[in-house]
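Next comes target_24.pdb, a file with PDB, C-alpha atoms and all ligand atoms.
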ATOM      1  CA  MET A  92      -9.107  17.157  13.740  1.00  0.00           C
ATOM      2  CA  THR A  93      -7.987  13.686  14.777  1.00  0.00           C
ATOM      3  CA  THR A  94      -4.599  12.088  14.429  1.00  0.00           C
ATOM      4  CA  SER A  95      -5.308   8.876  16.325  1.00  0.00           C
ATOM      5  CA  GLU A  96      -5.914   6.760  13.219  1.00  0.00           C
ATOM      6  CA  LYS A  97      -2.843   5.426  11.465  1.00  0.00           C
ATOM      7  CA  ILE A  98      -2.762   5.770   7.675  1.00  0.00           C
ATOM      8  CA  THR A  99      -0.789   3.164   5.724  1.00  0.00           C
ATOM      9  CA  THR A 100      -0.936   1.363   2.392  1.00  0.00           C
ATOM     10  CA  ALA A 101      -3.607  -1.344   2.219  1.00  0.00           C
ATOM     11  CA  GLY A 102      -3.110  -4.779   0.713  1.00  0.00           C
ATOM     12  CA  GLU A 103      -5.440  -7.209  -1.031  1.00  0.00           C
ATOM     13  CA  ASP A 104      -6.063  -8.877   2.327  1.00  0.00           C
ATOM     14  CA  ASN A 105      -7.862  -5.642   3.314  1.00  0.00           C
ATOM     15  CA  ALA A 106     -10.106  -5.657   0.229  1.00  0.00           C
ATOM     16  CA  ALA A 107     -13.155  -7.242   1.881  1.00  0.00           C
ATOM     17  CA  GLU A 108     -13.033  -4.908   4.899  1.00  0.00           C
ATOM     18  CA  ILE A 109     -12.584  -1.825   2.684  1.00  0.00           C
ATOM     19  CA  LEU A 110     -15.482  -2.942   0.459  1.00  0.00           C
ATOM     20  CA  ASP A 111     -17.664  -3.362   3.534  1.00  0.00           C
ATOM     21  CA  LEU A 112     -16.692   0.129   4.768  1.00  0.00           C
ATOM     22  CA  GLN A 113     -17.315   1.524   1.266  1.00  0.00           C
ATOM     23  CA  LYS A 114     -20.856   0.148   1.265  1.00  0.00           C
ATOM     24  CA  ARG A 115     -21.620   1.588   4.697  1.00  0.00           C
ATOM     25  CA  ALA A 116     -19.969   4.938   3.832  1.00  0.00           C
ATOM     26  CA  PHE A 117     -21.750   5.414   0.499  1.00  0.00           C
ATOM     27  CA  ALA A 118     -25.102   4.512   2.022  1.00  0.00           C
ATOM     28  CA  THR A 119     -25.341   8.168   3.113  1.00  0.00           C
ATOM     29  CA  GLU A 120     -24.622   9.326  -0.457  1.00  0.00           C
ATOM     30  CA  ALA A 121     -27.252   6.918  -1.811  1.00  0.00           C
ATOM     31  CA  GLU A 122     -29.741   8.280   0.696  1.00  0.00           C
ATOM     32  CA  ALA A 123     -28.876  11.879  -0.219  1.00  0.00           C
ATOM     33  CA  HIS A 124     -29.496  11.088  -3.905  1.00  0.00           C
ATOM     34  CA  GLY A 125     -32.600   9.005  -3.208  1.00  0.00           C
ATOM     35  CA  LYS A 126     -31.072   6.083  -5.099  1.00  0.00           C
ATOM     36  CA  ARG A 127     -29.713   2.916  -3.456  1.00  0.00           C
ATOM     37  CA  ASP A 128     -28.466   1.275  -6.620  1.00  0.00           C
ATOM     38  CA  ILE A 129     -25.238   3.234  -7.046  1.00  0.00           C
ATOM     39  CA  GLU A 130     -21.919   1.780  -8.229  1.00  0.00           C
ATOM     40  CA  PRO A 131     -20.072   1.934  -4.861  1.00  0.00           C
ATOM     41  CA  LEU A 132     -22.894  -0.116  -3.303  1.00  0.00           C
ATOM     42  CA  ARG A 133     -22.944  -2.622  -6.166  1.00  0.00           C
ATOM     43  CA  GLN A 134     -19.199  -3.246  -6.363  1.00  0.00           C
ATOM     44  CA  THR A 135     -18.180  -6.883  -5.855  1.00  0.00           C
ATOM     45  CA  LEU A 136     -15.146  -8.341  -4.114  1.00  0.00           C
ATOM     46  CA  ASP A 137     -13.719  -9.477  -7.481  1.00  0.00           C
ATOM     47  CA  SER A 138     -14.109  -5.958  -8.827  1.00  0.00           C
ATOM     48  CA  ILE A 139     -12.344  -4.261  -5.906  1.00  0.00           C
ATOM     49  CA  LEU A 140      -9.605  -6.921  -6.067  1.00  0.00           C
ATOM     50  CA  ALA A 141      -9.114  -5.957  -9.720  1.00  0.00           C
ATOM     51  CA  ASP A 142      -8.778  -2.332  -8.560  1.00  0.00           C
ATOM     52  CA  PHE A 143      -5.985  -3.393  -6.226  1.00  0.00           C
ATOM     53  CA  ALA A 144      -4.033  -4.498  -9.297  1.00  0.00           C
ATOM     54  CA  THR A 145      -4.170  -1.005 -10.808  1.00  0.00           C
ATOM     55  CA  HIS A 146      -4.493   1.346  -7.820  1.00  0.00           C
ATOM     56  CA  THR A 147      -2.752   2.043  -4.551  1.00  0.00           C
ATOM     57  CA  PHE A 148      -5.178   1.867  -1.628  1.00  0.00           C
ATOM     58  CA  LEU A 149      -4.597   3.669   1.657  1.00  0.00           C
ATOM     59  CA  LYS A 150      -6.333   2.640   4.855  1.00  0.00           C
ATOM     60  CA  ALA A 151      -6.884   4.505   8.119  1.00  0.00           C
ATOM     61  CA  VAL A 152      -6.855   2.100  11.046  1.00  0.00           C
ATOM     62  CA  ASP A 153      -8.187   3.002  14.483  1.00  0.00           C
ATOM     63  CA  GLY A 154      -6.778   1.944  17.856  1.00  0.00           C
ATOM     64  CA  ASP A 155      -8.833  -1.259  17.772  1.00  0.00           C
ATOM     65  CA  GLY A 156      -7.392  -2.314  14.409  1.00  0.00           C
ATOM     66  CA  ARG A 157     -10.552  -1.481  12.461  1.00  0.00           C
ATOM     67  CA  ILE A 158     -10.324   0.164   9.037  1.00  0.00           C
ATOM     68  CA  VAL A 159     -12.308   3.396   9.396  1.00  0.00           C
ATOM     69  CA  GLY A 160     -11.191   5.229   6.256  1.00  0.00           C
ATOM     70  CA  SER A 161      -9.732   4.618   2.827  1.00  0.00           C
ATOM     71  CA  VAL A 162      -8.846   6.225  -0.479  1.00  0.00           C
ATOM     72  CA  LYS A 163      -7.408   4.832  -3.686  1.00  0.00           C
ATOM     73  CA  TYR A 164      -5.247   6.468  -6.326  1.00  0.00           C
ATOM     74  CA  ARG A 165      -3.680   5.636  -9.655  1.00  0.00           C
ATOM     75  CA  ALA A 166      -0.827   7.540 -11.270  1.00  0.00           C
ATOM     76  CA  LEU A 167      -0.892   7.766 -15.063  1.00  0.00           C
ATOM     77  CA  ASP A 168       1.932   9.836 -16.533  1.00  0.00           C
ATOM     78  CA  ASP A 169       1.845  13.167 -14.672  1.00  0.00           C
ATOM     79  CA  ARG A 170      -1.757  12.694 -13.504  1.00  0.00           C
ATOM     80  CA  VAL A 171      -2.999  11.040 -10.363  1.00  0.00           C
ATOM     81  CA  TRP A 172      -6.597   9.845 -10.253  1.00  0.00           C
ATOM     82  CA  ILE A 173      -8.076   9.851  -6.772  1.00  0.00           C
ATOM     83  CA  GLY A 174     -11.120   7.733  -5.995  1.00  0.00           C
ATOM     84  CA  LYS A 175     -13.393   6.216  -3.371  1.00  0.00           C
ATOM     85  CA  LEU A 176     -12.525   8.504  -0.483  1.00  0.00           C
ATOM     86  CA  ILE A 177     -14.478   6.977   2.409  1.00  0.00           C
ATOM     87  CA  VAL A 178     -14.708   7.518   6.156  1.00  0.00           C
ATOM     88  CA  ASP A 179     -16.793   5.525   8.629  1.00  0.00           C
ATOM     89  CA  ILE A 180     -19.924   7.468   9.586  1.00  0.00           C
ATOM     90  CA  ALA A 181     -18.898   7.409  13.266  1.00  0.00           C
ATOM     91  CA  CYS A 182     -15.525   9.027  12.477  1.00  0.00           C
ATOM     92  CA  ARG A 183     -16.637  11.862  10.186  1.00  0.00           C
ATOM     93  CA  GLY A 184     -16.119  15.581  10.643  1.00  0.00           C
ATOM     94  CA  ARG A 185     -12.793  15.167  12.460  1.00  0.00           C
ATOM     95  CA  GLY A 186     -10.410  15.698   9.562  1.00  0.00           C
ATOM     96  CA  LEU A 187      -9.810  12.064   8.586  1.00  0.00           C
ATOM     97  CA  GLY A 188     -11.059  12.530   5.010  1.00  0.00           C
ATOM     98  CA  ARG A 189      -8.697  15.473   4.546  1.00  0.00           C
ATOM     99  CA  ARG A 190      -5.804  13.497   6.077  1.00  0.00           C
ATOM    100  CA  LEU A 191      -6.361  10.585   3.665  1.00  0.00           C
ATOM    101  CA  LEU A 192      -6.389  12.966   0.700  1.00  0.00           C
ATOM    102  CA  ALA A 193      -3.253  14.743   1.931  1.00  0.00           C
ATOM    103  CA  GLU A 194      -1.470  11.413   2.373  1.00  0.00           C
ATOM    104  CA  ALA A 195      -2.373  10.292  -1.162  1.00  0.00           C
ATOM    105  CA  GLU A 196      -0.992  13.588  -2.485  1.00  0.00           C
ATOM    106  CA  ALA A 197       2.155  13.352  -0.334  1.00  0.00           C
ATOM    107  CA  LEU A 198       2.912   9.845  -1.617  1.00  0.00           C
ATOM    108  CA  ASN A 199       3.133  11.143  -5.181  1.00  0.00           C
ATOM    109  CA  PRO A 200       6.005  13.170  -6.595  1.00  0.00           C
ATOM    110  CA  ALA A 201       5.646  16.945  -6.722  1.00  0.00           C
ATOM    111  CA  GLY A 202       4.389  18.427  -9.992  1.00  0.00           C
ATOM    112  CA  ARG A 203       1.563  15.984 -10.507  1.00  0.00           C
ATOM    113  CA  ARG A 204      -1.979  16.946 -11.335  1.00  0.00           C
ATOM    114  CA  PHE A 205      -4.572  15.358  -9.027  1.00  0.00           C
ATOM    115  CA  GLN A 206      -7.987  14.615 -10.489  1.00  0.00           C
ATOM    116  CA  LEU A 207     -11.204  13.176  -9.130  1.00  0.00           C
ATOM    117  CA  PHE A 208     -14.897  12.895  -9.871  1.00  0.00           C
ATOM    118  CA  THR A 209     -17.824  13.478  -7.575  1.00  0.00           C
ATOM    119  CA  ALA A 210     -21.563  13.923  -8.067  1.00  0.00           C
ATOM    120  CA  ALA A 211     -22.475  17.500  -8.999  1.00  0.00           C
ATOM    121  CA  SER A 212     -25.147  17.467  -6.303  1.00  0.00           C
ATOM    122  CA  SER A 213     -22.709  16.330  -3.573  1.00  0.00           C
ATOM    123  CA  ILE A 214     -22.268  19.853  -2.259  1.00  0.00           C
ATOM    124  CA  HIS A 215     -20.504  18.647   0.913  1.00  0.00           C
ATOM    125  CA  ASN A 216     -17.958  16.652  -1.060  1.00  0.00           C
ATOM    126  CA  ILE A 217     -17.300  19.524  -3.459  1.00  0.00           C
ATOM    127  CA  ARG A 218     -16.827  21.876  -0.498  1.00  0.00           C
ATOM    128  CA  LEU A 219     -14.405  19.439   1.127  1.00  0.00           C
ATOM    129  CA  TYR A 220     -12.300  19.128  -2.037  1.00  0.00           C
ATOM    130  CA  GLU A 221     -12.371  22.901  -2.649  1.00  0.00           C
ATOM    131  CA  SER A 222     -11.179  23.498   0.912  1.00  0.00           C
ATOM    132  CA  VAL A 223      -7.963  21.618   0.097  1.00  0.00           C
ATOM    133  CA  GLY A 224      -7.348  23.225  -3.288  1.00  0.00           C
ATOM    134  CA  TYR A 225      -9.368  21.257  -5.854  1.00  0.00           C
ATOM    135  CA  ARG A 226     -11.348  23.199  -8.479  1.00  0.00           C
ATOM    136  CA  VAL A 227     -14.250  22.092 -10.705  1.00  0.00           C
ATOM    137  CA  VAL A 228     -13.061  21.931 -14.324  1.00  0.00           C
ATOM    138  CA  ARG A 229     -16.055  20.320 -16.012  1.00  0.00           C
ATOM    139  CA  GLU A 230     -19.542  18.999 -15.425  1.00  0.00           C
ATOM    140  CA  PHE A 231     -20.930  16.037 -17.364  1.00  0.00           C
ATOM    141  CA  ARG A 232     -23.489  13.248 -17.269  1.00  0.00           C
ATOM    142  CA  ASP A 233     -21.833   9.868 -16.805  1.00  0.00           C
ATOM    143  CA  PRO A 234     -23.635   6.680 -17.901  1.00  0.00           C
ATOM    144  CA  ALA A 235     -21.028   4.673 -15.926  1.00  0.00           C
ATOM    145  CA  GLN A 236     -22.082   6.534 -12.786  1.00  0.00           C
ATOM    146  CA  ASP A 237     -25.778   5.707 -13.028  1.00  0.00           C
ATOM    147  CA  GLY A 238     -26.461   8.723 -15.258  1.00  0.00           C
ATOM    148  CA  PHE A 239     -25.634  11.195 -12.495  1.00  0.00           C
ATOM    149  CA  MET A 240     -24.385  14.668 -13.311  1.00  0.00           C
ATOM    150  CA  MET A 241     -20.757  14.533 -12.230  1.00  0.00           C
ATOM    151  CA  VAL A 242     -18.037  17.118 -11.787  1.00  0.00           C
ATOM    152  CA  GLU A 243     -14.354  16.624 -12.488  1.00  0.00           C
ATOM    153  CA  MET A 244     -12.160  18.394  -9.966  1.00  0.00           C
ATOM    154  CA  VAL A 245      -8.466  19.118 -10.329  1.00  0.00           C
ATOM    155  CA  LYS A 246      -5.716  20.242  -8.013  1.00  0.00           C
ATOM    156  CA  VAL A 247      -2.523  21.403  -9.602  1.00  0.00           C
ATOM    157  CA  VAL A 248       0.435  21.051  -7.299  1.00  0.00           C
ATOM    158  CA  ASN A 249       3.557  23.194  -7.528  1.00  0.00           C
ATOM    159  CA  GLY A 250       2.209  25.626 -10.117  1.00  0.00           C
ATOM    160  CA  LYS A 251       1.906  23.078 -12.933  1.00  0.00           C
ATOM    161  CA  THR A 252      -0.824  24.340 -15.236  1.00  0.00           C
ATOM    162  CA  ASN A 253      -1.786  21.456 -17.523  1.00  0.00           C
TER     163      ASN A 253
HETATM  164  C1  LIG B 301     -16.497  12.564   2.123  1.00  0.00           C
HETATM  165  C2  LIG B 301     -16.007  11.928   3.408  1.00  0.00           C
HETATM  166  C3  LIG B 301     -14.883  10.957   3.083  1.00  0.00           C
HETATM  167  C4  LIG B 301     -15.456  13.028   4.331  1.00  0.00           C
HETATM  168  O1  LIG B 301     -14.852  12.415   5.460  1.00  0.00           O
HETATM  169  P1  LIG B 301     -14.594  13.250   6.814  1.00  0.00           P
HETATM  170  O2  LIG B 301     -13.585  12.506   7.627  1.00  0.00           O
HETATM  171  O3  LIG B 301     -15.871  13.599   7.469  1.00  0.00           O
HETATM  172  O4  LIG B 301     -13.934  14.573   6.222  1.00  0.00           O
HETATM  173  P2  LIG B 301     -13.208  15.728   7.047  1.00  0.00           P
HETATM  174  O5  LIG B 301     -13.554  15.642   8.499  1.00  0.00           O
HETATM  175  O6  LIG B 301     -11.767  15.709   6.672  1.00  0.00           O
HETATM  176  O7  LIG B 301     -13.824  17.001   6.399  1.00  0.00           O
HETATM  177  C5  LIG B 301     -15.146  17.350   6.739  1.00  0.00           C
HETATM  178  C6  LIG B 301     -15.674  18.142   5.568  1.00  0.00           C
HETATM  179  O8  LIG B 301     -16.324  17.224   4.695  1.00  0.00           O
HETATM  180  C7  LIG B 301     -17.412  17.866   4.125  1.00  0.00           C
HETATM  181  N1  LIG B 301     -18.476  16.863   4.103  1.00  0.00           N
HETATM  182  C8  LIG B 301     -18.464  15.832   3.223  1.00  0.00           C
HETATM  183  N2  LIG B 301     -19.601  15.114   3.379  1.00  0.00           N
HETATM  184  C9  LIG B 301     -20.319  15.674   4.373  1.00  0.00           C
HETATM  185  C10 LIG B 301     -21.571  15.394   4.975  1.00  0.00           C
HETATM  186  N3  LIG B 301     -22.332  14.366   4.546  1.00  0.00           N
HETATM  187  N4  LIG B 301     -22.008  16.178   5.968  1.00  0.00           N
HETATM  188  C11 LIG B 301     -21.259  17.213   6.390  1.00  0.00           C
HETATM  189  N5  LIG B 301     -20.066  17.528   5.853  1.00  0.00           N
HETATM  190  C12 LIG B 301     -19.597  16.778   4.849  1.00  0.00           C
HETATM  191  C13 LIG B 301     -17.720  19.117   4.869  1.00  0.00           C
HETATM  192  O9  LIG B 301     -17.501  20.180   3.942  1.00  0.00           O
HETATM  193  C14 LIG B 301     -16.699  19.171   5.987  1.00  0.00           C
HETATM  194  O10 LIG B 301     -16.118  20.425   5.970  1.00  0.00           O
HETATM  195  P3  LIG B 301     -15.812  21.227   7.350  1.00  0.00           P
HETATM  196  O11 LIG B 301     -14.782  20.411   8.086  1.00  0.00           O
HETATM  197  O12 LIG B 301     -15.278  22.530   6.863  1.00  0.00           O
HETATM  198  O13 LIG B 301     -17.123  21.310   8.068  1.00  0.00           O
HETATM  199  C15 LIG B 301     -17.150  11.180   4.155  1.00  0.00           C
HETATM  200  O14 LIG B 301     -18.207  12.090   4.388  1.00  0.00           O
HETATM  201  C16 LIG B 301     -17.699   9.980   3.395  1.00  0.00           C
HETATM  202  O15 LIG B 301     -17.215   8.855   3.546  1.00  0.00           O
HETATM  203  N6  LIG B 301     -18.756  10.198   2.569  1.00  0.00           N
HETATM  204  C17 LIG B 301     -19.398   9.124   1.798  1.00  0.00           C
HETATM  205  C18 LIG B 301     -18.550   8.667   0.640  1.00  0.00           C
HETATM  206  C19 LIG B 301     -18.292   9.807  -0.330  1.00  0.00           C
HETATM  207  O16 LIG B 301     -19.208  10.477  -0.775  1.00  0.00           O
HETATM  208  N7  LIG B 301     -16.994   9.981  -0.688  1.00  0.00           N
HETATM  209  C20 LIG B 301     -16.559  10.979  -1.630  1.00  0.00           C
HETATM  210  C21 LIG B 301     -16.611  10.384  -2.991  1.00  0.00           C
HETATM  211  S1  LIG B 301     -16.171  11.562  -4.237  1.00  0.00           S
END
Using structure tokens, write down the structure that the file contains.
Ligand SMILES: CC(C)(COP(=O)(O)OP(=O)(O)OC[C@H]1O[C@@H](n2cnc3c(N)ncnc32)[C@H](O)[C@@H]1OP(=O)(O)O)[C@@H](O)C(=O)NCCC(=O)NCCS
Amino acid sequence: MTTSEKITTAGEDNAAEILDLQKRAFATEAEAHGKRDIEPLRQTLDSILADFATHTFLKAVDGDGRIVGSVKYRALDDRVWIGKLIVDIACRGRGLGRRLLAEAEALNPAGRRFQLFTAASSIHNIRLYESVGYRVVREFRDPAQDGFMMVEMVKVVNGKTN
């Protein structure tokens, strides 16, 4: 577990660096699925800038000022959608992904229901989310996600059940 990176809210001026990190981070997912043309690798700067208008982005910055991790979230009523959890390949396996998730949860009021999607075949991702309390609630094929089988995972905080 590492605590050396500082996690704070990102601004639009970080969009290009986060997009660059996203493309490097998801390259391993693309490789695992044998498909390079996946949405996180195709996303444009205009598109991620549009996401900044609707989502809060967190960034993890290392001692040299580089962004080495990020996650975005969007609260809608009592639900919080989590997306694009990414950690630089060189910084993985030291707890940074879990810290980013925990920070996104901590920044939202208690009683909210956290939801996210990941590929059904991304066993490592599913294991990571399960280890911090998320559960698979449905599996579906998503045309918007290149036709991949996806799972929706939910974490209910403070005993809220729906
Ligand atoms: C998913 C991701 C953010 C995890 O970041 P991280 O800093 O390594 O995560 P942590 O160190 O907090 O947790 C490590 C856990 O991640 C899981 N994991 C996720 N991807 C993994 C991989 N490719 N190889 C090994 N473990 C992986 C393991 O279960 C590991 O659990 P363990 O600590 O019990 O061994 C990072 O692997 C990444 O950027 N992946 C590519 C983008 C992606 O798929 N994001 C998720 C989208 S839904």
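Among the candidates A:Ala123, A:Leu110, A:Ile158, A:Leu176, the one nearest to Thr135 (chain A) when counting all atoms listed in the file is A:Leu110.
The smallest atom-to-atom distance between Phe205 (chain A) and any of A:Leu140, A:Ala151, A:Val227, A:Met241, using only C-alpha atoms, is found for A:Val227.
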message: Can you translate the PyMOL selection byres (((chain A and resi 194) around 12) and not hetatm) into the concrete residues it hits in this file, as a ChimeraX atom specification?
response: /A:97-100,147-151,161-164,173,176,187-193,195-200
Using only C-alpha atoms, please write the residues we just selected to a file, as a tab-separated table (two decimals), in the coordinates of the input.
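Saved as selection_39.tsv:
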chain	number	residue	atom	x	y	z
A	97	LYS	CA	-2.84	5.43	11.46
A	98	ILE	CA	-2.76	5.77	7.68
A	99	THR	CA	-0.79	3.16	5.72
A	100	THR	CA	-0.94	1.36	2.39
A	147	THR	CA	-2.75	2.04	-4.55
A	148	PHE	CA	-5.18	1.87	-1.63
A	149	LEU	CA	-4.60	3.67	1.66
A	150	LYS	CA	-6.33	2.64	4.86
A	151	ALA	CA	-6.88	4.50	8.12
A	161	SER	CA	-9.73	4.62	2.83
A	162	VAL	CA	-8.85	6.22	-0.48
A	163	LYS	CA	-7.41	4.83	-3.69
A	164	TYR	CA	-5.25	6.47	-6.33
A	173	ILE	CA	-8.08	9.85	-6.77
A	176	LEU	CA	-12.52	8.50	-0.48
A	187	LEU	CA	-9.81	12.06	8.59
A	188	GLY	CA	-11.06	12.53	5.01
A	189	ARG	CA	-8.70	15.47	4.55
A	190	ARG	CA	-5.80	13.50	6.08
A	191	LEU	CA	-6.36	10.58	3.66
A	192	LEU	CA	-6.39	12.97	0.70
A	193	ALA	CA	-3.25	14.74	1.93
A	195	ALA	CA	-2.37	10.29	-1.16
A	196	GLU	CA	-0.99	13.59	-2.48
A	197	ALA	CA	2.15	13.35	-0.33
A	198	LEU	CA	2.91	9.85	-1.62
A	199	ASN	CA	3.13	11.14	-5.18
A	200	PRO	CA	6.00	13.17	-6.60
query: Quick one: residues within 10 Å of Gln113 (chain A), all atoms listed in the file counted, chain neighbours fewer than 5 positions away excluded, as a ChimeraX atom specification?
result: /A:107-108,118,131-132,134,159-162,175-179
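Atom pair atom O1 of ligand LIG 301 (chain B) / CA of Asp169 (chain A): separated by 26.2 Å.
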